[in-house]
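Asks: This is the content of final_25.cif (mmCIF, C-alpha atoms):
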data_protein
#
loop_
_atom_site.group_PDB
_atom_site.id
_atom_site.type_symbol
_atom_site.label_atom_id
_atom_site.label_comp_id
_atom_site.auth_asym_id
_atom_site.auth_seq_id
_atom_site.Cartn_x
_atom_site.Cartn_y
_atom_site.Cartn_z
ATOM 1 C CA MET A 1 48.808 27.394 4.208
ATOM 2 C CA ASP A 2 51.400 29.475 5.996
ATOM 3 C CA SER A 3 54.160 27.154 4.890
ATOM 4 C CA SER A 4 53.389 28.329 1.356
ATOM 5 C CA LEU A 5 54.949 31.380 -0.245
ATOM 6 C CA VAL A 6 51.785 33.444 0.302
ATOM 7 C CA PHE A 7 50.821 34.270 3.890
ATOM 8 C CA SER A 8 47.261 34.006 5.152
ATOM 9 C CA PRO A 9 46.720 37.779 5.668
ATOM 10 C CA PHE A 10 47.349 38.366 1.959
ATOM 11 C CA VAL A 11 45.180 35.422 0.877
ATOM 12 C CA LEU A 12 42.263 36.498 3.069
ATOM 13 C CA LEU A 13 42.520 40.143 2.035
ATOM 14 C CA PHE A 14 42.353 39.342 -1.673
ATOM 15 C CA ALA A 15 40.069 36.281 -1.597
ATOM 16 C CA GLY A 16 37.023 36.494 -3.817
ATOM 17 C CA ALA A 17 34.640 35.940 -0.912
ATOM 18 C CA VAL A 18 35.071 35.669 2.867
ATOM 19 C CA ALA A 19 32.554 34.768 5.579
ATOM 20 C CA ILE A 20 33.463 34.673 9.254
ATOM 21 C CA ASP A 21 31.405 33.189 12.064
ATOM 22 C CA GLU A 22 33.095 34.540 15.199
ATOM 23 C CA LYS A 23 30.794 32.619 17.558
ATOM 24 C CA LYS A 24 31.799 29.293 16.020
ATOM 25 C CA GLY A 25 35.378 30.390 15.348
ATOM 26 C CA GLU A 26 35.065 29.514 11.656
ATOM 27 C CA ILE A 27 36.105 31.163 8.425
ATOM 28 C CA ARG A 28 35.143 30.329 4.873
ATOM 29 C CA PHE A 29 36.952 31.934 1.966
ATOM 30 C CA ASP A 30 36.464 31.005 -1.645
ATOM 31 C CA LYS A 31 36.544 27.187 -1.588
ATOM 32 C CA TRP A 32 38.270 26.841 1.793
ATOM 33 C CA TYR A 33 37.112 26.222 5.370
ATOM 34 C CA ALA A 34 39.104 26.599 8.586
ATOM 35 C CA TYR A 35 38.868 27.281 12.307
ATOM 36 C CA ILE A 36 40.206 30.611 13.560
ATOM 37 C CA GLU A 37 41.056 32.366 16.788
ATOM 38 C CA LYS A 38 39.138 35.526 17.591
ATOM 39 C CA GLY A 39 41.041 38.776 17.500
ATOM 40 C CA ALA A 40 41.214 42.362 16.293
ATOM 41 C CA TRP A 41 42.487 41.072 12.952
ATOM 42 C CA ILE A 42 38.922 40.069 11.992
ATOM 43 C CA GLN A 43 37.557 43.626 12.003
ATOM 44 C CA GLU A 44 40.766 44.916 10.406
ATOM 45 C CA LEU A 45 40.428 42.350 7.601
ATOM 46 C CA LEU A 46 36.755 43.098 6.959
ATOM 47 C CA SER A 47 37.347 46.856 7.034
ATOM 48 C CA LEU A 48 40.263 46.628 4.611
ATOM 49 C CA ARG A 49 38.280 44.374 2.251
ATOM 50 C CA LYS A 50 35.533 47.024 2.115
ATOM 51 C CA GLN A 51 38.099 49.640 1.092
ATOM 52 C CA VAL A 52 40.656 47.875 -1.106
ATOM 53 C CA LEU A 53 38.772 46.443 -4.064
ATOM 54 C CA PRO A 54 36.432 49.411 -4.587
ATOM 55 C CA ALA A 55 39.465 51.737 -4.561
ATOM 56 C CA PHE A 56 41.323 49.441 -6.965
ATOM 57 C CA GLN A 57 38.296 49.264 -9.269
ATOM 58 C CA GLU A 58 38.083 53.072 -9.217
ATOM 59 C CA ALA A 59 41.783 53.414 -10.107
ATOM 60 C CA ILE A 60 41.351 50.973 -12.982
ATOM 61 C CA ALA A 61 38.174 52.687 -14.209
ATOM 62 C CA CYS A 62 39.868 56.077 -14.348
ATOM 63 C CA ARG A 63 42.918 54.451 -15.975
ATOM 64 C CA ASP A 64 45.247 55.888 -13.375
ATOM 65 C CA LEU A 65 46.691 53.409 -10.877
ATOM 66 C CA SER A 66 48.562 56.274 -9.222
ATOM 67 C CA SER A 67 45.185 57.487 -7.968
ATOM 68 C CA PHE A 68 45.035 54.480 -5.626
ATOM 69 C CA PRO A 69 45.197 56.023 -2.128
ATOM 70 C CA ARG A 70 48.695 55.846 -0.635
ATOM 71 C CA GLU A 71 47.324 55.577 2.906
ATOM 72 C CA LEU A 72 45.420 52.475 1.809
ATOM 73 C CA VAL A 73 48.638 51.037 0.357
ATOM 74 C CA ALA A 74 50.256 51.522 3.774
ATOM 75 C CA LYS A 75 47.326 49.789 5.519
ATOM 76 C CA ILE A 76 47.525 46.858 3.093
ATOM 77 C CA ALA A 77 51.281 46.540 3.618
ATOM 78 C CA ASN A 78 50.944 46.635 7.412
ATOM 79 C CA PHE A 79 48.158 44.049 7.384
ATOM 80 C CA CYS A 80 49.996 41.685 5.030
ATOM 81 C CA LYS A 81 53.289 41.958 6.964
ATOM 82 C CA GLN A 82 51.757 40.840 10.248
ATOM 83 C CA ASN A 83 52.231 37.355 11.617
ATOM 84 C CA PRO A 84 50.218 34.757 9.730
ATOM 85 C CA ILE A 85 46.616 34.313 10.796
ATOM 86 C CA LYS A 86 46.257 30.797 12.177
ATOM 87 C CA LEU A 87 43.910 28.745 10.032
ATOM 88 C CA LYS A 88 43.436 25.484 11.905
ATOM 89 C CA SER A 89 42.266 22.281 10.213
ATOM 90 C CA ILE A 90 42.036 24.048 6.855
ATOM 91 C CA GLU A 91 40.181 22.050 4.212
ATOM 92 C CA ALA A 92 39.198 22.537 0.600
ATOM 93 C CA VAL A 93 35.453 22.338 -0.054
ATOM 94 C CA THR A 94 33.562 21.745 -3.272
ATOM 95 C CA ARG A 95 31.503 24.949 -3.407
ATOM 96 C CA SER A 96 32.575 28.536 -2.944
ATOM 97 C CA ILE A 97 31.119 30.344 0.060
ATOM 98 C CA ASP A 98 29.807 32.936 -2.394
ATOM 99 C CA GLU A 99 27.656 30.242 -4.027
ATOM 100 C CA GLU A 100 26.676 28.565 -0.787
ATOM 101 C CA LEU A 101 25.337 31.453 1.315
ATOM 102 C CA THR A 102 21.822 32.596 0.486
ATOM 103 C CA GLY A 103 19.242 34.940 1.937
ATOM 104 C CA ALA A 104 19.974 36.617 5.261
ATOM 105 C CA ALA A 105 23.191 34.602 5.683
ATOM 106 C CA ARG A 106 24.753 36.648 2.853
ATOM 107 C CA ALA A 107 24.869 39.612 5.255
ATOM 108 C CA ARG A 108 28.050 38.144 6.774
ATOM 109 C CA LEU A 109 29.646 37.641 3.349
ATOM 110 C CA SER A 110 32.479 39.957 2.345
ATOM 111 C CA VAL A 111 32.573 40.020 -1.437
ATOM 112 C CA PHE A 112 33.191 42.670 -4.070
ATOM 113 C CA ASP A 113 30.997 42.466 -7.157
ATOM 114 C CA TRP A 114 33.025 43.793 -10.048
ATOM 115 C CA PRO A 115 30.964 45.839 -12.495
ATOM 116 C CA GLU A 116 30.381 44.192 -15.826
ATOM 117 C CA ASP A 117 32.847 45.227 -18.511
ATOM 118 C CA VAL A 118 30.676 46.006 -21.497
ATOM 119 C CA GLY A 119 33.635 46.917 -23.691
ATOM 120 C CA LEU A 120 34.035 49.978 -25.830
ATOM 121 C CA ASP A 121 31.157 51.500 -27.749
ATOM 122 C CA GLU A 122 31.572 51.434 -31.517
ATOM 123 C CA ASP A 123 32.011 55.233 -31.463
ATOM 124 C CA GLU A 124 34.830 54.962 -28.920
ATOM 125 C CA GLU A 125 36.581 52.292 -31.030
ATOM 126 C CA ASP A 126 36.512 54.603 -34.053
ATOM 127 C CA ASP A 127 38.169 57.394 -32.051
ATOM 128 C CA ASP A 128 41.340 55.326 -31.547
#
Written as structure tokens, how would this file's structure read?

Replies:
Amino acid sequence: MDSSLVFSPFVLLFAGAVAIDEKKGEIRFDKWYAYIEKGAWIQELLSLRKQVLPAFQEAIACRDLSSFPRELVAKIANFCKQNPIKLKSIEAVTRSIDEELTGAARARLSVFDWPEDVGLDEDEEDDD
């Protein structure tokens, strides 16, 4: 993956769903599976994922991308500029980790559920 034009920190930060099993040294993200090395990057990744998409959704909802926190932009840039995260024996799988994990296992799933876009009300459309 790291021979591609997009480095693993960026891919993992913006993946739809990520689940990490530190004891087994495994990571699942979207429809991918790989072995990983333990490190501080795991907590940094999970912490950033909890912050980034909710803040982005908020900026979109208020129709003001400049409201996206600059300190978060700096954290994203620093995380994405680091050396690639080694994903050993990476393989594509048929089902997304978001679909596969159920019950208590979903507690280790990092995913952002975007609110449903219900569109404009008829009254709002008339105002334009």

Asks: Please enumerate the residues selected by the PyMOL selection byres ((chain A and resi 98) around 8) when evaluated against the supplied file, formatted as a PyMOL selection string.

Replies: chain A and resi 17-18+30+96-97+99-101+109+111

Asks: Return as a short mmCIF file (atom, residue, chain, number, x, y, z; two decimals) with C-alpha atoms, in the coordinates of the input the set of residues that the PyMOL selection byres ((chain A and resi 35-44) around 10) yields on the displayed structure.

Replies:
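This is the output file result28.cif:
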data_model
loop_
_atom_site.label_atom_id
_atom_site.label_comp_id
_atom_site.auth_asym_id
_atom_site.auth_seq_id
_atom_site.Cartn_x
_atom_site.Cartn_y
_atom_site.Cartn_z
CA PRO A 9 46.72 37.78 5.67
CA LEU A 13 42.52 40.14 2.04
CA ILE A 20 33.46 34.67 9.25
CA ASP A 21 31.40 33.19 12.06
CA GLU A 22 33.10 34.54 15.20
CA LYS A 23 30.79 32.62 17.56
CA LYS A 24 31.80 29.29 16.02
CA GLY A 25 35.38 30.39 15.35
CA GLU A 26 35.06 29.51 11.66
CA ILE A 27 36.10 31.16 8.43
CA ARG A 28 35.14 30.33 4.87
CA TYR A 33 37.11 26.22 5.37
CA ALA A 34 39.10 26.60 8.59
CA LEU A 45 40.43 42.35 7.60
CA LEU A 46 36.76 43.10 6.96
CA SER A 47 37.35 46.86 7.03
CA LEU A 48 40.26 46.63 4.61
CA ARG A 49 38.28 44.37 2.25
CA LYS A 75 47.33 49.79 5.52
CA PHE A 79 48.16 44.05 7.38
CA GLN A 82 51.76 40.84 10.25
CA ILE A 85 46.62 34.31 10.80
CA LYS A 86 46.26 30.80 12.18
CA LEU A 87 43.91 28.74 10.03
CA LYS A 88 43.44 25.48 11.90
CA SER A 89 42.27 22.28 10.21
CA ILE A 90 42.04 24.05 6.86
CA GLU A 91 40.18 22.05 4.21
#

Asks: Quick check, in Å to one decimal: how far apart do CA of Arg106 in chain A and CA of Phe56 in chain A lie?

Replies: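 Separation between CA of Arg106 in chain A and CA of Phe56 in chain A: 23.1 Å.
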
Asks: Just so the selection is clear, what residues does the PyMOL selection byres ((chain A and resi 54) around 12) cover here, as a list of chain:residue names?

Replies: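 Answer for the PyMOL selection byres ((chain A and resi 54) around 12): A:Ser47, A:Leu48, A:Arg49, A:Lys50, A:Gln51, A:Val52, A:Leu53, A:Ala55, A:Phe56, A:Gln57, A:Glu58, A:Ala59, A:Ile60, A:Ala61, A:Phe68, A:Pro69, A:Leu72, A:Val111, A:Phe112, A:Asp113, A:Trp114, A:Pro115.
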
Asks: Between CA of Asn83 in chain A and CA of Leu12 in chain A, what is the distance, to one decimal in Å?

Replies: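 So the answer is 13.2 Å.
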
Asks: So which one's closest to Ala105 in chain A, A:Ala19, A:Ala92, A:Cys80, A:Val118? Using only C-alpha atoms, please.

Replies: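 Selected residue with least distance to Ala105 in chain A: A:Ala19.
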
Asks: Would you compute the distance between CA of Ala74 in chain A and CA of Ala15 in chain A? Give it in Å to one decimal.

Replies: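 CA of Ala15 in chain A lies at a distance of 19.1 Å from CA of Ala74 in chain A.
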